[in-house]
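Visitor: My structure is stored as coords_6.cif, with mmCIF, C-alpha atoms.
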data_coords
#
loop_
_atom_site.label_atom_id
_atom_site.label_comp_id
_atom_site.auth_asym_id
_atom_site.auth_seq_id
_atom_site.Cartn_x
_atom_site.Cartn_y
_atom_site.Cartn_z
CA MET A 536 0.00 0.00 0.00
CA ALA A 537 2.81 2.32 -0.89
CA ALA A 538 0.49 4.43 -2.96
CA GLU A 539 -1.56 5.41 0.03
CA SER A 540 1.26 7.30 1.68
CA THR A 541 1.73 9.49 -1.39
CA ALA A 542 -1.97 10.08 -1.89
CA GLU A 543 -3.75 13.32 -1.23
CA GLY A 544 -0.82 15.41 -2.45
CA GLY A 545 -1.04 19.07 -3.42
CA SER A 546 -2.56 18.30 -6.82
CA GLY A 547 -5.83 17.11 -5.35
CA PHE A 548 -5.72 13.81 -7.23
CA SER A 549 -6.29 10.71 -5.19
CA ILE A 550 -4.72 8.04 -7.36
CA TYR A 551 -4.03 4.61 -6.01
CA PRO A 552 -2.78 2.80 -9.11
CA MET A 553 -1.33 -0.09 -7.11
CA ASP A 554 -4.46 -0.85 -5.09
CA GLN A 555 -5.68 -3.17 -7.83
CA PHE A 556 -2.78 -5.50 -7.17
CA ILE A 557 -3.53 -6.06 -3.48
CA VAL A 558 -4.09 -9.69 -2.65
CA LYS A 559 -7.22 -9.96 -0.50
CA PRO A 560 -9.00 -12.90 1.05
CA LEU A 561 -12.32 -13.61 -0.63
CA SER A 562 -14.22 -13.60 2.65
CA GLY A 563 -13.75 -10.28 4.35
CA ASP A 564 -10.47 -8.98 5.70
CA GLY A 565 -8.00 -11.08 7.53
CA PRO A 566 -4.56 -12.57 7.32
CA VAL A 567 -3.63 -14.24 4.07
CA HIS A 568 -2.26 -17.69 4.72
CA TRP A 569 -0.98 -19.97 2.00
CA TYR A 570 -4.31 -21.77 2.00
CA THR A 571 -6.53 -18.69 2.10
CA PRO A 572 -8.74 -18.38 -0.99
CA THR A 573 -7.97 -14.91 -2.33
CA ASN A 574 -8.82 -12.87 -5.39
CA VAL A 575 -5.74 -14.45 -6.99
CA THR A 576 -7.26 -17.88 -6.43
CA LEU A 577 -10.58 -16.68 -7.84
CA TRP A 578 -9.15 -15.21 -11.02
CA MET A 579 -6.86 -18.14 -11.64
CA GLY A 580 -9.93 -20.33 -11.26
CA ILE A 581 -11.86 -18.18 -13.71
CA ALA A 582 -8.97 -18.41 -16.16
CA LEU A 583 -9.05 -22.20 -15.85
CA LEU A 584 -12.82 -22.21 -16.35
CA CYS A 585 -12.43 -20.12 -19.50
CA ILE A 586 -9.77 -22.50 -20.84
CA PHE A 587 -12.05 -25.40 -19.98
CA ALA A 588 -14.95 -23.71 -21.75
CA LEU A 589 -12.89 -23.01 -24.86
CA PHE A 590 -11.07 -26.32 -25.14
CA VAL A 591 -13.51 -28.80 -23.64
CA LEU A 592 -17.02 -27.43 -23.95
CA ALA A 593 -16.55 -25.66 -27.28
CA THR A 594 -14.93 -28.70 -28.88
CA ARG A 595 -17.10 -31.38 -27.30
CA HIS A 596 -18.86 -32.16 -30.59
CA ARG A 597 -15.48 -32.84 -32.18
CA GLY A 598 -16.87 -31.62 -35.46
CA ILE A 599 -14.69 -32.20 -38.47
CA ILE A 600 -16.05 -28.91 -39.68
CA PRO A 601 -15.41 -26.69 -36.67
CA THR A 602 -17.80 -24.28 -35.07
CA ARG A 603 -16.48 -20.79 -34.48
CA LEU A 604 -15.27 -21.46 -30.96
CA GLN A 605 -13.77 -24.79 -31.93
CA SER A 606 -12.01 -22.96 -34.73
CA VAL A 607 -10.52 -20.57 -32.17
CA ALA A 608 -9.28 -23.50 -30.11
CA GLU A 609 -7.84 -25.16 -33.22
CA VAL A 610 -6.10 -21.98 -34.31
CA PHE A 611 -4.43 -21.61 -30.91
CA TYR A 612 -3.49 -25.27 -30.89
CA GLY A 613 -1.99 -25.14 -34.35
CA PHE A 614 -0.19 -21.89 -33.63
CA ILE A 615 1.53 -23.15 -30.48
CA HIS A 616 2.21 -26.57 -32.00
CA ASN A 617 3.97 -24.96 -34.95
CA MET A 618 5.89 -22.69 -32.63
CA VAL A 619 7.17 -25.58 -30.53
CA GLU A 620 8.10 -27.60 -33.58
CA GLU A 621 9.88 -24.73 -35.30
CA VAL A 622 11.70 -23.30 -32.29
CA ALA A 623 12.40 -26.31 -30.08
CA GLY A 624 12.71 -28.78 -32.92
CA HIS A 625 11.03 -32.09 -33.54
CA ASP A 626 12.16 -33.55 -30.22
CA GLY A 627 10.57 -30.65 -28.39
CA VAL A 628 7.07 -31.51 -29.59
CA LYS A 629 6.92 -34.04 -26.77
CA TYR A 630 6.70 -31.12 -24.35
CA PHE A 631 4.03 -29.32 -26.36
CA PRO A 632 1.24 -29.94 -23.81
CA TYR A 633 3.15 -28.06 -21.13
CA VAL A 634 3.97 -25.17 -23.43
CA MET A 635 0.36 -25.01 -24.56
CA THR A 636 -0.81 -24.97 -20.95
CA LEU A 637 1.56 -22.12 -20.12
CA PHE A 638 0.43 -20.11 -23.12
CA LEU A 639 -3.27 -20.56 -22.42
CA PHE A 640 -2.96 -19.81 -18.73
CA ILE A 641 -0.95 -16.64 -19.32
CA LEU A 642 -3.09 -15.46 -22.22
CA LEU A 643 -6.36 -15.99 -20.38
CA SER A 644 -4.99 -14.40 -17.19
CA ASN A 645 -3.80 -11.39 -19.19
CA LEU A 646 -7.11 -11.01 -21.01
CA LEU A 647 -9.25 -11.53 -17.91
CA GLY A 648 -7.14 -8.91 -16.16
CA LEU A 649 -8.35 -6.43 -18.74
CA LEU A 650 -11.93 -6.67 -17.51
CA PRO A 651 -12.73 -3.72 -15.28
CA MET A 652 -12.38 -4.46 -11.57
CA SER A 653 -10.84 -7.83 -12.24
CA PHE A 654 -7.56 -9.03 -10.86
CA THR A 655 -4.55 -9.65 -13.08
CA THR A 656 -2.83 -12.71 -11.67
CA THR A 657 0.06 -12.47 -14.12
CA SER A 658 0.94 -9.01 -12.83
CA HIS A 659 2.37 -10.65 -9.72
CA VAL A 660 5.98 -11.73 -9.88
CA ALA A 661 5.06 -14.48 -7.44
CA VAL A 662 2.90 -16.04 -10.16
CA THR A 663 5.16 -15.46 -13.14
CA ALA A 664 8.28 -16.42 -11.18
CA THR A 665 6.65 -19.73 -10.29
CA LEU A 666 5.91 -20.35 -13.96
CA ALA A 667 9.41 -19.26 -14.98
CA LEU A 668 11.09 -21.39 -12.30
CA LEU A 669 9.07 -24.41 -13.36
CA VAL A 670 10.29 -23.85 -16.90
CA PHE A 671 13.87 -23.28 -15.69
CA PHE A 672 14.07 -26.41 -13.54
CA GLY A 673 12.04 -28.42 -16.00
CA VAL A 674 14.34 -27.52 -18.88
CA THR A 675 17.46 -28.15 -16.78
CA LEU A 676 16.23 -31.55 -15.63
CA ILE A 677 15.13 -32.54 -19.13
CA GLY A 678 18.50 -31.46 -20.46
CA ILE A 679 20.41 -33.48 -17.86
CA ALA A 680 18.13 -36.46 -18.32
CA ARG A 681 18.57 -36.43 -22.10
CA LYS A 682 22.23 -35.48 -22.43
CA GLY A 683 23.70 -36.28 -19.03
CA LEU A 684 26.72 -34.17 -18.17
CA GLY A 685 26.95 -33.25 -21.84
CA PHE A 686 24.17 -30.77 -21.17
CA PHE A 687 26.68 -28.54 -19.37
CA SER A 688 28.89 -28.42 -22.44
CA MET A 689 26.66 -25.64 -23.70
CA PHE A 690 28.42 -23.35 -21.22
CA TRP A 691 31.78 -24.23 -22.72
CA VAL A 692 31.89 -22.21 -25.93
CA SER A 693 34.08 -24.45 -28.05
CA SER A 694 34.12 -22.05 -30.98
CA ALA A 695 35.83 -19.32 -28.90
CA PRO A 696 39.60 -19.08 -28.33
CA LEU A 697 40.71 -21.34 -25.50
CA ALA A 698 41.83 -18.48 -23.28
CA LEU A 699 38.42 -16.84 -23.44
CA ARG A 700 36.42 -19.96 -22.75
CA PRO A 701 36.50 -19.90 -18.92
CA VAL A 702 35.39 -16.28 -18.94
CA LEU A 703 32.63 -17.03 -21.41
CA ALA A 704 31.61 -20.04 -19.35
CA VAL A 705 31.11 -17.84 -16.30
CA ILE A 706 29.08 -15.36 -18.34
CA GLU A 707 27.04 -18.17 -19.90
CA ILE A 708 26.29 -19.71 -16.52
CA ILE A 709 25.24 -16.37 -15.06
CA SER A 710 23.02 -15.66 -18.05
CA TYR A 711 21.53 -19.14 -17.77
CA ILE A 712 20.74 -18.64 -14.09
CA MET A 713 19.31 -15.21 -14.81
CA ARG A 714 16.86 -16.65 -17.31
CA PRO A 715 13.96 -17.18 -14.89
CA VAL A 716 14.46 -13.64 -13.58
CA SER A 717 14.10 -11.97 -16.95
CA HIS A 718 11.52 -14.52 -18.02
CA SER A 719 9.21 -13.75 -15.11
CA ILE A 720 9.82 -10.04 -14.63
CA ARG A 721 9.25 -9.30 -18.31
CA LEU A 722 5.71 -10.67 -18.09
CA ALA A 723 4.79 -9.35 -14.65
CA GLY A 724 6.36 -5.97 -15.33
CA ASN A 725 4.51 -5.44 -18.58
CA LEU A 726 1.16 -6.35 -17.08
CA LEU A 727 1.78 -4.39 -13.89
CA ALA A 728 2.89 -1.27 -15.74
CA GLY A 729 -0.02 -1.39 -18.17
CA HIS A 730 -2.64 -1.73 -15.48
CA ALA A 731 -0.99 0.91 -13.32
CA VAL A 732 -0.96 3.36 -16.20
CA LEU A 733 -4.61 2.59 -16.85
CA LYS A 734 -5.44 3.42 -13.26
CA VAL A 735 -3.36 6.57 -13.36
CA PHE A 736 -5.30 7.76 -16.40
CA ALA A 737 -8.52 6.87 -14.61
CA GLY A 738 -7.34 8.84 -11.59
CA PHE A 739 -6.85 11.94 -13.69
CA ALA A 740 -10.54 11.75 -14.61
CA SER A 741 -11.48 12.89 -11.13
CA MET A 742 -11.01 16.43 -12.41
CA ALA A 743 -14.13 16.93 -14.51
CA ILE A 744 -12.49 19.24 -17.08
CA ILE A 745 -9.84 16.78 -18.17
CA SER A 746 -11.88 13.65 -17.60
CA PRO A 747 -12.79 13.19 -21.31
CA LEU A 748 -9.12 13.38 -22.18
CA ALA A 749 -8.26 10.97 -19.37
CA ILE A 750 -10.94 8.51 -20.48
CA ALA A 751 -9.72 8.77 -24.07
CA GLY A 752 -6.24 8.03 -22.81
CA ALA A 753 -7.53 5.05 -20.86
CA VAL A 754 -9.24 3.76 -24.02
CA GLY A 755 -5.95 4.05 -25.86
CA ILE A 756 -4.19 2.19 -23.07
CA TYR A 757 -6.86 -0.50 -23.34
CA ALA A 758 -6.04 -1.01 -26.99
CA LEU A 759 -2.36 -1.21 -26.10
CA GLU A 760 -3.02 -3.61 -23.27
CA VAL A 761 -4.94 -6.04 -25.45
CA LEU A 762 -1.90 -6.14 -27.69
CA VAL A 763 0.40 -6.52 -24.67
CA ALA A 764 -1.74 -9.37 -23.32
CA PHE A 765 -1.22 -11.36 -26.53
CA VAL A 766 2.38 -10.34 -27.12
CA GLN A 767 3.53 -11.13 -23.59
CA ALA A 768 1.83 -14.52 -23.59
CA TYR A 769 3.51 -15.17 -26.94
CA VAL A 770 6.90 -13.97 -25.69
CA PHE A 771 6.77 -16.08 -22.54
CA THR A 772 5.84 -19.12 -24.61
CA ILE A 773 8.43 -18.64 -27.33
CA LEU A 774 11.15 -18.09 -24.71
CA THR A 775 10.07 -21.35 -23.10
CA CYS A 776 10.53 -23.01 -26.47
CA VAL A 777 13.94 -21.40 -26.92
CA TYR A 778 15.05 -22.68 -23.52
CA LEU A 779 13.59 -26.06 -24.31
CA LYS A 780 15.71 -26.19 -27.43
CA ASP A 781 18.84 -26.09 -25.25
CA ALA A 782 17.62 -29.20 -23.49
CA VAL A 783 16.39 -31.24 -26.45
CA GLY A 784 18.10 -29.79 -29.52
CA ASP A 785 21.66 -30.25 -30.76
CA ALA A 786 24.21 -28.14 -28.92
CA HIS A 787 25.25 -25.29 -31.16
CA HIS A 788 26.82 -22.77 -28.81
CA MET B 647 -20.52 -14.91 -19.86
CA LYS B 648 -18.69 -11.61 -19.86
CA LYS B 649 -21.46 -9.93 -17.93
CA LEU B 650 -21.33 -12.70 -15.39
CA LEU B 651 -17.61 -12.22 -14.99
CA ILE B 652 -18.01 -8.50 -14.58
CA SER B 653 -20.66 -8.85 -11.94
CA ALA B 654 -18.60 -11.47 -10.14
CA ALA B 655 -15.63 -9.18 -10.32
CA ALA B 656 -17.72 -6.30 -9.03
CA LEU B 657 -18.87 -8.40 -6.12
CA VAL B 658 -15.38 -9.47 -5.23
CA SER B 659 -13.15 -6.52 -5.83
CA ALA B 660 -15.35 -3.47 -5.96
CA THR B 661 -16.49 -3.55 -2.39
CA PRO B 662 -13.20 -2.60 -0.75
CA ALA B 663 -12.46 -0.12 -3.53
CA MET B 664 -15.81 1.57 -2.98
CA ALA B 665 -15.15 1.70 0.68
CA ALA B 666 -11.89 3.43 -0.07
CA SER B 667 -13.08 5.96 -2.61
CA GLY B 668 -16.73 6.65 -2.02
CA PRO B 669 -19.67 6.06 -4.37
CA PHE B 670 -19.21 3.94 -7.48
CA PHE B 671 -20.73 6.26 -10.08
CA SER B 672 -18.33 9.07 -9.53
CA LEU B 673 -15.49 10.53 -11.54
CA LYS B 674 -13.39 10.09 -8.44
CA ASN B 675 -13.88 6.34 -8.55
CA THR B 676 -11.18 4.90 -10.81
CA ASP B 677 -13.01 1.60 -11.17
CA PHE B 678 -15.95 3.46 -12.69
CA ILE B 679 -13.67 5.33 -15.06
CA VAL B 680 -11.93 2.13 -16.10
CA LEU B 681 -15.33 0.56 -16.69
CA ILE B 682 -16.32 3.51 -18.91
CA ALA B 683 -13.04 3.26 -20.80
CA PHE B 684 -13.56 -0.47 -21.20
CA LEU B 685 -17.09 -0.02 -22.52
CA ILE B 686 -15.92 2.67 -24.94
CA PHE B 687 -13.10 0.42 -26.11
CA VAL B 688 -15.47 -2.51 -26.65
CA GLY B 689 -17.90 -0.11 -28.36
CA ILE B 690 -15.17 1.02 -30.72
CA LEU B 691 -14.32 -2.58 -31.48
CA PHE B 692 -17.94 -3.31 -32.31
CA TYR B 693 -18.28 -0.09 -34.31
CA ALA B 694 -15.20 -1.02 -36.32
CA GLY B 695 -16.76 -4.42 -36.93
CA VAL B 696 -13.92 -6.37 -35.34
CA PRO B 697 -16.13 -9.14 -33.88
CA GLY B 698 -17.91 -9.52 -37.21
CA MET B 699 -14.58 -9.66 -38.99
CA LEU B 700 -13.28 -12.30 -36.60
CA GLY B 701 -16.50 -14.25 -37.03
CA ARG B 702 -16.17 -14.04 -40.79
CA LEU B 703 -12.57 -15.23 -40.60
CA LEU B 704 -13.60 -18.17 -38.46
CA ASP B 705 -16.50 -18.96 -40.78
CA LYS B 706 -14.14 -18.73 -43.73
CA ARG B 707 -11.82 -21.20 -42.01
CA ALA B 708 -14.73 -23.56 -41.42
CA ALA B 709 -15.86 -23.13 -45.03
CA GLY B 710 -12.33 -23.81 -46.24
CA ILE B 711 -12.16 -26.98 -44.19
CA LYS B 712 -15.58 -27.99 -45.50
CA ALA B 713 -14.51 -27.32 -49.08
CA GLU B 714 -11.37 -29.37 -48.60
CA LEU B 715 -13.38 -32.18 -47.09
CA ASP B 716 -15.88 -32.06 -49.93
CA GLU B 717 -13.07 -32.09 -52.44
CA ALA B 718 -11.45 -35.03 -50.73
CA ARG B 719 -14.77 -36.82 -50.63
CA ALA B 720 -15.37 -36.10 -54.33
CA LEU B 721 -11.90 -37.40 -55.16
CA ARG B 722 -12.62 -40.49 -53.13
CA GLU B 723 -15.89 -41.04 -54.96
CA GLU B 724 -14.17 -40.59 -58.26
CA ALA B 725 -11.43 -43.01 -57.32
CA LYS B 726 -14.06 -45.45 -56.13
CA SER B 727 -15.99 -45.28 -59.41
CA ILE B 728 -12.80 -45.70 -61.40
CA LEU B 729 -11.89 -48.69 -59.27
CA ALA B 730 -15.36 -50.12 -59.79
CA SER B 731 -15.14 -49.65 -63.55
CA TYR B 732 -11.75 -51.31 -63.61
CA GLU B 733 -13.05 -54.16 -61.55
CA ARG B 734 -15.96 -54.50 -63.93
CA LYS B 735 -13.58 -54.45 -66.87
CA GLN B 736 -11.41 -57.03 -65.22
CA LYS B 737 -14.42 -59.22 -64.65
CA GLU B 738 -15.42 -58.84 -68.27
CA VAL B 739 -11.96 -59.72 -69.42
CA ILE B 740 -11.93 -62.75 -67.16
CA GLU B 741 -15.30 -63.85 -68.51
CA GLN B 742 -14.12 -63.30 -72.04
CA SER B 743 -10.97 -65.29 -71.49
CA ASP B 744 -13.00 -68.01 -69.84
CA ARG B 745 -15.25 -68.04 -72.85
CA ILE B 746 -12.29 -68.20 -75.20
CA VAL B 747 -10.74 -71.05 -73.25
CA ALA B 748 -14.05 -72.93 -73.14
CA SER B 749 -14.66 -72.55 -76.86
CA ALA B 750 -11.07 -73.54 -77.60
CA ARG B 751 -11.48 -76.59 -75.44
CA ASP B 752 -14.75 -77.46 -77.19
CA GLU B 753 -13.15 -77.03 -80.57
CA ALA B 754 -10.19 -79.11 -79.56
CA ARG B 755 -12.46 -81.79 -78.23
CA ALA B 756 -14.58 -81.72 -81.39
CA ALA B 757 -11.46 -81.90 -83.52
CA ALA B 758 -10.20 -84.78 -81.46
CA ASP B 759 -13.54 -86.57 -81.83
CA ARG B 760 -13.53 -85.96 -85.52
CA ALA B 761 -10.00 -87.21 -85.85
CA ARG B 762 -10.84 -90.26 -83.81
CA ALA B 763 -13.87 -90.94 -86.00
CA ASP B 764 -11.81 -90.44 -89.16
CA LEU B 765 -9.19 -92.76 -87.84
CA LYS B 766 -11.84 -95.35 -87.07
CA ILE B 767 -13.26 -95.04 -90.57
CA ALA B 768 -9.81 -95.34 -92.07
CA ILE B 769 -9.00 -98.34 -89.96
CA ASP B 770 -12.29 -99.93 -90.92
CA ARG B 771 -11.59 -99.26 -94.55
CA ARG B 772 -8.13 -100.75 -94.28
CA VAL B 773 -9.50 -103.73 -92.47
CA LYS B 774 -12.15 -104.20 -95.14
CA ALA B 775 -9.60 -103.82 -97.93
CA ALA B 776 -7.35 -106.30 -96.25
CA GLU B 777 -10.22 -108.73 -95.83
CA GLU B 778 -11.16 -108.32 -99.47
CA GLN B 779 -7.56 -108.87 -100.43
CA ILE B 780 -7.41 -111.93 -98.28
CA ALA B 781 -10.67 -113.20 -99.80
CA LEU B 782 -9.34 -112.52 -103.27
CA ALA B 783 -6.08 -114.25 -102.49
CA GLU B 784 -8.06 -117.17 -101.14
CA GLN B 785 -10.20 -117.39 -104.26
CA THR B 786 -7.16 -117.10 -106.42
CA ALA B 787 -5.42 -119.79 -104.46
CA VAL B 788 -8.49 -122.04 -104.60
CA ARG B 789 -8.77 -121.52 -108.37
CA GLN B 790 -5.09 -122.17 -108.87
CA VAL B 791 -5.31 -125.29 -106.78
CA ARG B 792 -8.34 -126.40 -108.82
CA GLU B 793 -6.67 -125.59 -112.12
CA ARG B 794 -3.60 -127.35 -111.01
CA ALA B 795 -5.69 -130.31 -109.93
CA VAL B 796 -7.45 -130.29 -113.34
CA ALA B 797 -4.12 -130.06 -115.13
CA VAL B 798 -2.70 -132.84 -113.03
CA ALA B 799 -5.82 -134.90 -113.61
CA VAL B 800 -5.73 -134.28 -117.38
CA ALA B 801 -2.04 -135.11 -117.48
CA ALA B 802 -2.62 -138.21 -115.47
CA ALA B 803 -5.55 -139.19 -117.71
CA GLY B 804 -3.42 -138.56 -120.79
CA ASP B 805 -0.61 -140.65 -119.41
CA LEU B 806 -3.02 -143.41 -118.54
CA LEU B 807 -4.63 -143.31 -121.94
CA ALA B 808 -1.34 -143.29 -123.71
CA LYS B 809 -0.10 -146.21 -121.70
CA ASN B 810 -3.23 -148.36 -121.91
CA SER B 811 -4.65 -147.71 -125.42
CA SER B 812 -3.81 -149.30 -128.76
CA GLU B 813 -3.74 -147.94 -132.23
CA GLU B 814 -7.18 -149.29 -133.09
CA TRP B 815 -8.73 -148.11 -129.90
CA ALA B 816 -7.33 -144.74 -130.64
CA ALA B 817 -8.63 -144.74 -134.16
CA ALA B 818 -11.97 -146.09 -132.98
CA SER B 819 -12.23 -143.53 -130.34
CA ILE B 820 -11.43 -140.79 -132.85
CA ASP B 821 -14.06 -142.16 -135.16
CA ASP B 822 -16.39 -142.42 -132.29
CA ALA B 823 -15.67 -138.88 -131.26
CA ILE B 824 -16.18 -137.67 -134.85
CA ALA B 825 -19.45 -139.60 -134.95
CA GLN B 826 -20.46 -138.12 -131.66
CA VAL B 827 -19.64 -134.65 -132.80
CA ASP B 828 -21.41 -135.37 -136.08
CA ALA B 829 -24.49 -136.62 -134.25
CA LYS B 830 -24.43 -133.75 -131.84
CA LEU B 831 -23.91 -131.10 -134.53
CA HIS B 832 -26.88 -132.25 -136.51
#
Transcribe the structure of this file into structure tokens.
Guide:
Amino acid sequence: MAAESTAEGGSGFSIYPMDQFIVKPLSGDGPVHWYTPTNVTLWMGIALLCIFALFVLATRHRGIIPTRLQSVAEVFYGFIHNMVEEVAGHDGVKYFPYVMTLFLFILLSNLLGLLPMSFTTTSHVAVTATLALLVFFGVTLIGIARKGLGFFSMFWVSSAPLALRPVLAVIEIISYIMRPVSHSIRLAGNLLAGHAVLKVFAGFASMAIISPLAIAGAVGIYALEVLVAFVQAYVFTILTCVYLKDAVGDAHH
Amino acid sequence: MKKLLISAAALVSATPAMAASGPFFSLKNTDFIVLIAFLIFVGILFYAGVPGMLGRLLDKRAAGIKAELDEARALREEAKSILASYERKQKEVIEQSDRIVASARDEARAAADRARADLKIAIDRRVKAAEEQIALAEQTAVRQVRERAVAVAVAAAGDLLAKNSSEEWAAASIDDAIAQVDAKLH
């Protein structure tokens, strides 16, 4: 609640752009334990319901000629399947279900977060870091399981001069370990910033004279945020595929 | 669906926000402003015909799939009919060849029968000719034997006559013979 301390400044605006990210228990106020159902729980559940509706209910007829919603599901499926096959290679297709799950969960969370008064679960680093760490450890374990110790040879840049290799190895290892950081913060940061800006614009509307301008600005941000919702889901997914390639593809560093 | 989500969201998250910033329908309430912005954005999307466009794209996809299916089905039908016609042709050819074989067999059999009959006739003819020849040879032999017997008998009679007769008997017998001939001629 950092915003509260800066509120009620000299300008007369009372803008709390970060209030929307507060995690609250669903039933009244109280301490949030790890088992407490919160608005995060709710919106994750809604995201899962939407995915269920799109991929189970909309495709339950299994029509050879798809209905509109089944078409949407098929387009997403084909899109992610192609992406995995092209980026991670043929061996990576085995892990397509996980990549697809990540994409759908992030996309639906992003889009649901755009509804007014909803909660954007992917704006929390806690959520995106969990997803990114699962990818990080998953990729590392798959790599070790498939290549054994040879997996670590990707840190040893054999095409570089011998004297430089130890230095490069250190840099490679650091960059590898930093992957989940950039992977998660990119997504959470984009969503957080977009929603905060939206709220800031909305806050400016409290002054009646500039409220049309502020609302117009908020509409513009909405258009941007729809784009961001898709792009960030896409980026998270394609980075997962790129990391997966290190584990399943031929070493080429 | 969307409305349901919005109302659920309003139930869940709007209550504390309202408590913090007064009445909902107020320019000071950022949730209200965001809702307005959202509705305007969705309105613009509808005005620009984005949902219709998306629907058309999806319908086009479905139509494309349907067209491909129909084409595939048509190709399958065509292939099926071609297969059927070839099968029919094959059957015809088999029947024809069967017919040819049967007629050839019949002809061969008839020819064989004819040849057998001819052979039988020929054999019969040869047998008959041989029998005739044998009969002829028999007759000839019988005649020769008879002639020979007559000749031998005549010779023997001559010898006997010559041995036993005298001059007068010979003359008498000649006279007798002349008389006989004379009596018989008249």
Visitor: Taking all atoms listed in the file into account, find every residue of chain B that has an atom no more than 6 Å from chain A, and write it out as a list in words.
Guide: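 Residues satisfying the distance criterion: Ala655, Leu673, Lys674, Thr676, Ile679, Val680, Leu681, Ala683, Phe687, Leu704, Ala708 and Lys712 of chain B.
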Visitor: Just the number, please: distance in Å from CA of Ile706 (chain A) to CA of Val692 (chain A), one decimal.
Guide: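 Atom-to-atom, CA of Ile706 (chain A) to CA of Val692 (chain A), that is 10.6 Å.
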Visitor: Using Å and a single decimal, report how far CA of Leu726 (chain A) sits from CA of Ala582 (chain A).
Guide: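 These atoms are spaced 15.8 Å apart.
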Visitor: For a quick check of understanding, using all atoms listed in the file, which of A:Gly598, A:Gly673, A:Gly613, A:Gly648 has the smallest distance to Met635 (chain A)?
Guide: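 Closest residue, counting all atoms listed in the file: A:Gly613.
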Visitor: CA of Gly724 (chain A) and CA of Val575 (chain A), how far apart in Å?
Guide: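 If I compute the distance from CA of Val575 (chain A) to CA of Gly724 (chain A), I get 17.0 Å.
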Visitor: Neighbouring residues of region 775-783 of chain A were defined as those with any atom within 7 Å, considering all atoms listed in the file; residues of the same chain fewer than 2 positions away were excluded. Please report them as an MDAnalysis selection string.
Guide: chainID A and resid 619 622:624 626:627 670 674:675 677:678 771:773 785:786
Visitor: Find the residues around Glu707 (chain A) up to 9 Å (only C-alpha atoms counted), leave out those fewer than 3 positions away in its own chain, and share them as a VMD selection string.
Guide: chain A and resid 689 to 692 702 to 704 710 to 712
Visitor: Give the answer as one residue: which of A:Gln767, A:Asn617, A:Thr594, A:Ser688 has the shortest atom-to-atom distance to Leu722 (chain A), using all atoms listed in the file?
Guide: A:Gln767
Visitor: Would you kindly translate the PyMOL selection byres ((chain A and resi 658) around 9) into the concrete residues it picks from this file, as a PyMOL selection string?
Guide: chain A and resi 556+645+648+654-657+659-663+722-728+730
Visitor: Which residue is closest to Leu666 (chain A)? Choose from A:Leu637, A:Ile615, A:Leu583, A:Met713 and count all atoms listed in the file.
Guide: A:Leu637
Visitor: Find, counting all atoms listed in the file, the residue in A:Phe614, A:Trp569, A:Phe640, A:Phe671 that gets nearest to Leu584 (chain A).
Guide: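 Smallest distance to Leu584 (chain A) is found for A:Phe640.
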Visitor: Applied to this file, what does the PyMOL selection byres ((chain A and resi 768) around 6) return in terms of residues, put as a CSV table (one decimal) with C-alpha atoms, in the frame of the given file?
Guide:
chain,number,residue,atom,x,y,z
A,638,PHE,CA,0.4,-20.1,-23.1
A,641,ILE,CA,-1.0,-16.6,-19.3
A,642,LEU,CA,-3.1,-15.5,-22.2
A,765,PHE,CA,-1.2,-11.4,-26.5
A,766,VAL,CA,2.4,-10.3,-27.1
A,767,GLN,CA,3.5,-11.1,-23.6
A,769,TYR,CA,3.5,-15.2,-26.9
A,770,VAL,CA,6.9,-14.0,-25.7
A,771,PHE,CA,6.8,-16.1,-22.5
